[in-house]
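Colleague: Next up is a structure, given as structure tokens.
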Amino acid sequence: MREITLTILLILFLPDGSYLFSQQSQKMSIEDMFNLADTKSRSIRTYDIATQEAAQAVQVAKNAQLPSIDVSISASYLGNARISDRNFSHGQNAPMPHFGNNFAIEASQVIYAGGAISAGIALAKLQHQLTQLDKEKNKQDIRFLLAGNYLEMYKLENQTKVYEKNIEQTRKLLEEIRARQEEGIALKNDITRYELQLKSLELSLTQVRNSIRIINNQLTTVLGLPEETTIQVDTCLLQRLPFLSDEAQWQQTAATVSPVLQQAELHIEQSRYGEKIARAGRLPSVAIIAGDFLDGPITIEVPPIDKNLNYWYVGIGLTFDIASTFKAGKEIKRAKLSTQKAVEYDLLVKENVRTEVKDAFIRFQEAFIIYDTQLKSLELAHQNYEVINNRYLNELALLTDMLDASNSKLTAELQVVNAQINILFHYYKLKKASGNL
């Protein structure tokens, strides 16, 4: 009782008591969903982290341009030495300073590696661009998924209205038939038939509502919203239908911004840099080297000298793998084949994207034709309703005829709305195909 009283007081004293109940319902447009998904979608965040990882890999690759510096220091205990003849006879112990120390520092800077270092950095940069395009592709996949589910939910809500209206009219018809049965002018079989129809309509309505709940759950999951959130469709979106533009514009857009095409081109660049790295295996590596050493005691003398020996050097080092002259040929051939494959794949992707855009554009055109057809059907349904309504008012038509005409008009009205939704769906599909969603 105390909890109920507290709830009533909260409702009374809040500026808007309905807030307690409306906070779980959220009206969103498609653009709102897109913006929210960009920040809340776990899938997009995963690709964002992958992009950051690839950016860090570029910095790691650049480390090859920096000098290499090695420092070592050690302290040791030296045991006494033993001297003997070559045949290990006449051995005798030789005293040795027991404390040994070593300090060394060496530095090297590669100044030429056959282009392998610069090619490695370039490959890391290309991989970074590929991960950015992967992120863009995933973002467009998420957006198309959201748009498709959002528009499907809109259609299902329209379908709900049809079922609710049909259920209402079927119940009205049942009441009239029951009244007629009491008067002896209707059969029990008529009542049974419409009761079965009512149950079938109620079952269909339940299934549609469950489908709406499932889609709503999918949307809230992708958007990172609380599970109990109910997304309300923005019905104003049908007031901003897109225009039917030329296919050439969409093909041009795809050729310019499609992440799939850009990735295919980057794969060609990657393969060419792979060729450069393979050829670098046949070339020597040149580096500037410098070092400083401090050792003690001096054990190369007999007896050993209990002093430190310090020396340093500066020079140029040349490294060349002789075996690479006959091993690298196979790697170079493999790299060339990889480039050829990347070129062929690029041509294949261009064909696929061009076909996909064309298919999506044809369906987009078809959606406008369907819309015009549904408008004509709506006009005819209105005319039929007016005729049946006049006949019904003049007692020249049955109630069933009137209900059929009303249902036809309602269905035609909702089919027009669904046709508009269909235009939007194919518009977003066309944008997805052209890589511009």
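All residue names refer to the structure tokens as shown: chains lettered A, B, ... in order, residues numbered from 1 in each chain, ligands numbered from 1 in order.
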Report as a ChimeraX atom specification all protein, DNA and RNA residues lying within 9 Å of Lys276 of chain A, evaluated on only C-alpha atoms, omitting residues in the same chain fewer than 2 positions from it.

Modeller: /A:114-116,119,271-274,278-281,332,335

Colleague: List as a ChimeraX atom specification the protein and nucleic acid residues near segment 155-159 of chain A, meaning an atom at most 8 Å away when only C-alpha atoms are counted, but skip any in the same chain fewer than 4 places from it.

Modeller: /A:151,163,208-209,211-212,414,418,421

Colleague: When you count only C-alpha atoms, which of these residues is closest to Ala147 of chain A: A:Ile277, A:Glu269, A:Val222, A:Ile117?

Modeller: A:Val222

Colleague: Using only C-alpha atoms, pick whichever of A:Asn93, A:Ser408, A:Gln365, A:Gln181 has the shortest atom-to-atom distance to Tyr385 of chain A.

Modeller: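 Ranking A:Asn93, A:Ser408, A:Gln365, A:Gln181 by distance to Tyr385 of chain A, first place goes to A:Ser408.
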
Colleague: What are the DSSP alpha helix (DSSP H) residues of segment 204-409 of chain A, as a ChimeraX atom specification?

Modeller: /A:204-223,247-257,259-280,324-393,399-409

Colleague: Figure out the distance between atom CA of Lys330 of chain A and atom CA of Arg282 of chain A, please, to one decimal in Å.

Modeller: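 Going from atom CA of Arg282 of chain A over to atom CA of Lys330 of chain A covers 11.5 Å.
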
Colleague: Compare A:Asp292, A:Asp401, A:Asp134, A:Glu152 by their minimum atom-to-atom distance to Asn422 of chain A, counting only C-alpha atoms, and give me the closest one.

Modeller: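 That would be A:Glu152, the residue with the smallest distance to Asn422 of chain A.
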
Colleague: In Å, with one decimal, what is the gap from atom CA of Val417 of chain A to atom CA of His382 of chain A?

Modeller: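 Between atom CA of Val417 of chain A and atom CA of His382 of chain A the gap is 15.4 Å.
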
Colleague: Considering only C-alpha atoms, return as a PyMOL selection string whatever protein or nucleic-acid residues lie within 12 Å of Asp38 of chain A, sequence-local ones (same chain, fewer than 6 positions apart) excluded.

Modeller: chain A and resi 31-32+44-48+135-136+138-143+146+222-224

Colleague: Now that the selection is made, can you save its residues with all heavy atoms as a compact mmCIF listing (two decimals), in the first residue's frame?

Modeller:
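Okay, selection.txt is ready:
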# COMPACT_ATOMS: atom_id res chain seq x y z
N GLU A 31 17.73 8.64 -39.81
CA GLU A 31 18.99 9.37 -39.60
C GLU A 31 19.40 9.34 -38.14
O GLU A 31 20.61 9.24 -37.83
CB GLU A 31 18.84 10.82 -40.07
CG GLU A 31 18.77 11.01 -41.58
CD GLU A 31 17.44 10.53 -42.16
OE1 GLU A 31 16.45 10.42 -41.39
OE2 GLU A 31 17.38 10.26 -43.37
N ASP A 32 18.43 9.42 -37.22
CA ASP A 32 18.75 9.32 -35.79
C ASP A 32 19.38 7.97 -35.48
O ASP A 32 20.35 7.89 -34.70
CB ASP A 32 17.48 9.50 -34.95
CG ASP A 32 16.92 10.91 -35.03
OD1 ASP A 32 17.70 11.83 -35.31
OD2 ASP A 32 15.70 11.09 -34.81
N ILE A 44 30.56 -1.60 -34.96
CA ILE A 44 31.32 -0.45 -35.46
C ILE A 44 32.49 -0.13 -34.52
O ILE A 44 33.59 0.20 -34.98
CB ILE A 44 30.40 0.77 -35.62
CG1 ILE A 44 29.40 0.51 -36.77
CG2 ILE A 44 31.20 2.04 -35.91
CD1 ILE A 44 28.42 1.63 -37.00
N ARG A 45 32.28 -0.25 -33.21
CA ARG A 45 33.37 0.01 -32.26
C ARG A 45 34.50 -1.00 -32.46
O ARG A 45 35.68 -0.65 -32.33
CB ARG A 45 32.86 -0.05 -30.82
CG ARG A 45 31.98 1.12 -30.43
CD ARG A 45 31.99 1.32 -28.91
NE ARG A 45 31.59 0.13 -28.20
CZ ARG A 45 30.34 -0.16 -27.87
NH1 ARG A 45 29.37 0.65 -28.22
NH2 ARG A 45 30.06 -1.27 -27.19
N THR A 46 34.15 -2.24 -32.76
CA THR A 46 35.18 -3.26 -33.00
C THR A 46 36.05 -2.88 -34.20
O THR A 46 37.29 -2.98 -34.14
CB THR A 46 34.52 -4.63 -33.25
OG1 THR A 46 33.73 -4.99 -32.11
CG2 THR A 46 35.57 -5.69 -33.50
N TYR A 47 35.41 -2.44 -35.27
CA TYR A 47 36.17 -2.02 -36.45
C TYR A 47 36.96 -0.75 -36.17
O TYR A 47 38.04 -0.54 -36.75
CB TYR A 47 35.23 -1.82 -37.64
CG TYR A 47 34.89 -3.10 -38.36
CD1 TYR A 47 33.80 -3.88 -37.95
CD2 TYR A 47 35.64 -3.56 -39.43
CE1 TYR A 47 33.48 -5.07 -38.60
CE2 TYR A 47 35.34 -4.75 -40.08
CZ TYR A 47 34.25 -5.49 -39.65
OH TYR A 47 33.94 -6.67 -40.29
N ASP A 48 36.45 0.11 -35.31
CA ASP A 48 37.16 1.33 -34.96
C ASP A 48 38.46 0.98 -34.23
O ASP A 48 39.51 1.59 -34.47
CB ASP A 48 36.26 2.22 -34.09
CG ASP A 48 36.90 3.57 -33.82
OD1 ASP A 48 37.29 4.24 -34.80
OD2 ASP A 48 37.03 3.96 -32.65
N LYS A 135 35.92 -0.66 -42.00
CA LYS A 135 35.04 0.02 -41.05
C LYS A 135 33.88 0.70 -41.78
O LYS A 135 32.73 0.64 -41.35
CB LYS A 135 35.84 1.05 -40.25
CG LYS A 135 35.00 1.87 -39.28
CD LYS A 135 35.84 2.93 -38.59
CE LYS A 135 34.96 3.84 -37.73
NZ LYS A 135 35.75 4.92 -37.08
N GLU A 136 34.20 1.34 -42.92
CA GLU A 136 33.15 2.01 -43.69
C GLU A 136 32.16 1.00 -44.25
O GLU A 136 30.93 1.23 -44.23
CB GLU A 136 33.80 2.81 -44.84
CG GLU A 136 32.81 3.56 -45.71
CD GLU A 136 32.03 4.62 -44.99
OE1 GLU A 136 32.52 5.13 -43.95
OE2 GLU A 136 30.91 4.96 -45.43
N ASN A 138 31.45 -1.95 -42.98
CA ASN A 138 30.66 -2.44 -41.86
C ASN A 138 29.61 -1.40 -41.44
O ASN A 138 28.47 -1.77 -41.13
CB ASN A 138 31.58 -2.75 -40.68
CG ASN A 138 30.82 -3.23 -39.47
OD1 ASN A 138 30.28 -4.33 -39.44
ND2 ASN A 138 30.77 -2.40 -38.44
N LYS A 139 29.99 -0.13 -41.45
CA LYS A 139 29.04 0.92 -41.09
C LYS A 139 27.87 0.94 -42.06
O LYS A 139 26.71 1.08 -41.65
CB LYS A 139 29.74 2.29 -41.08
CG LYS A 139 28.84 3.43 -40.62
CD LYS A 139 29.60 4.73 -40.49
CE LYS A 139 29.86 5.34 -41.84
NZ LYS A 139 30.43 6.70 -41.74
N GLN A 140 28.15 0.76 -43.34
CA GLN A 140 27.08 0.76 -44.32
C GLN A 140 26.22 -0.51 -44.19
O GLN A 140 25.00 -0.45 -44.38
CB GLN A 140 27.66 0.87 -45.73
CG GLN A 140 28.38 2.19 -45.97
CD GLN A 140 28.47 2.56 -47.44
OE1 GLN A 140 27.72 2.09 -48.27
NE2 GLN A 140 29.41 3.45 -47.75
N ASP A 141 26.85 -1.63 -43.85
CA ASP A 141 26.07 -2.86 -43.61
C ASP A 141 25.12 -2.66 -42.43
O ASP A 141 23.95 -3.07 -42.48
CB ASP A 141 27.01 -4.04 -43.33
CG ASP A 141 27.76 -4.50 -44.57
OD1 ASP A 141 27.31 -4.18 -45.69
OD2 ASP A 141 28.81 -5.15 -44.41
N ILE A 142 25.64 -2.05 -41.37
CA ILE A 142 24.81 -1.80 -40.18
C ILE A 142 23.68 -0.84 -40.53
O ILE A 142 22.51 -1.05 -40.14
CB ILE A 142 25.67 -1.22 -39.04
CG1 ILE A 142 26.69 -2.26 -38.54
CG2 ILE A 142 24.78 -0.76 -37.88
CD1 ILE A 142 26.08 -3.48 -37.92
N ARG A 143 23.98 0.20 -41.28
CA ARG A 143 22.95 1.18 -41.64
C ARG A 143 21.86 0.54 -42.50
O ARG A 143 20.68 0.82 -42.31
CB ARG A 143 23.59 2.36 -42.38
CG ARG A 143 24.40 3.27 -41.47
CD ARG A 143 24.88 4.52 -42.20
NE ARG A 143 25.42 5.50 -41.28
CZ ARG A 143 25.76 6.75 -41.61
NH1 ARG A 143 25.58 7.13 -42.87
NH2 ARG A 143 26.23 7.58 -40.72
N LEU A 146 19.71 -1.58 -40.29
CA LEU A 146 18.81 -0.75 -39.49
C LEU A 146 17.66 -0.21 -40.34
O LEU A 146 16.49 -0.27 -39.93
CB LEU A 146 19.59 0.42 -38.87
CG LEU A 146 20.59 0.06 -37.76
CD1 LEU A 146 21.42 1.28 -37.39
CD2 LEU A 146 19.87 -0.48 -36.54
N VAL A 222 21.37 -3.48 -31.70
CA VAL A 222 22.38 -2.84 -32.55
C VAL A 222 22.68 -1.42 -32.08
O VAL A 222 23.83 -0.97 -32.09
CB VAL A 222 21.92 -2.83 -34.02
CG1 VAL A 222 22.90 -2.03 -34.88
CG2 VAL A 222 21.80 -4.25 -34.55
N LEU A 223 21.65 -0.71 -31.63
CA LEU A 223 21.80 0.69 -31.23
C LEU A 223 22.31 0.84 -29.80
O LEU A 223 22.56 1.97 -29.36
CB LEU A 223 20.47 1.43 -31.38
CG LEU A 223 19.92 1.54 -32.81
CD1 LEU A 223 18.54 2.15 -32.80
CD2 LEU A 223 20.87 2.35 -33.68
N GLY A 224 22.43 -0.27 -29.08
CA GLY A 224 22.93 -0.18 -27.71
C GLY A 224 21.93 0.44 -26.75
O GLY A 224 22.33 1.03 -25.74
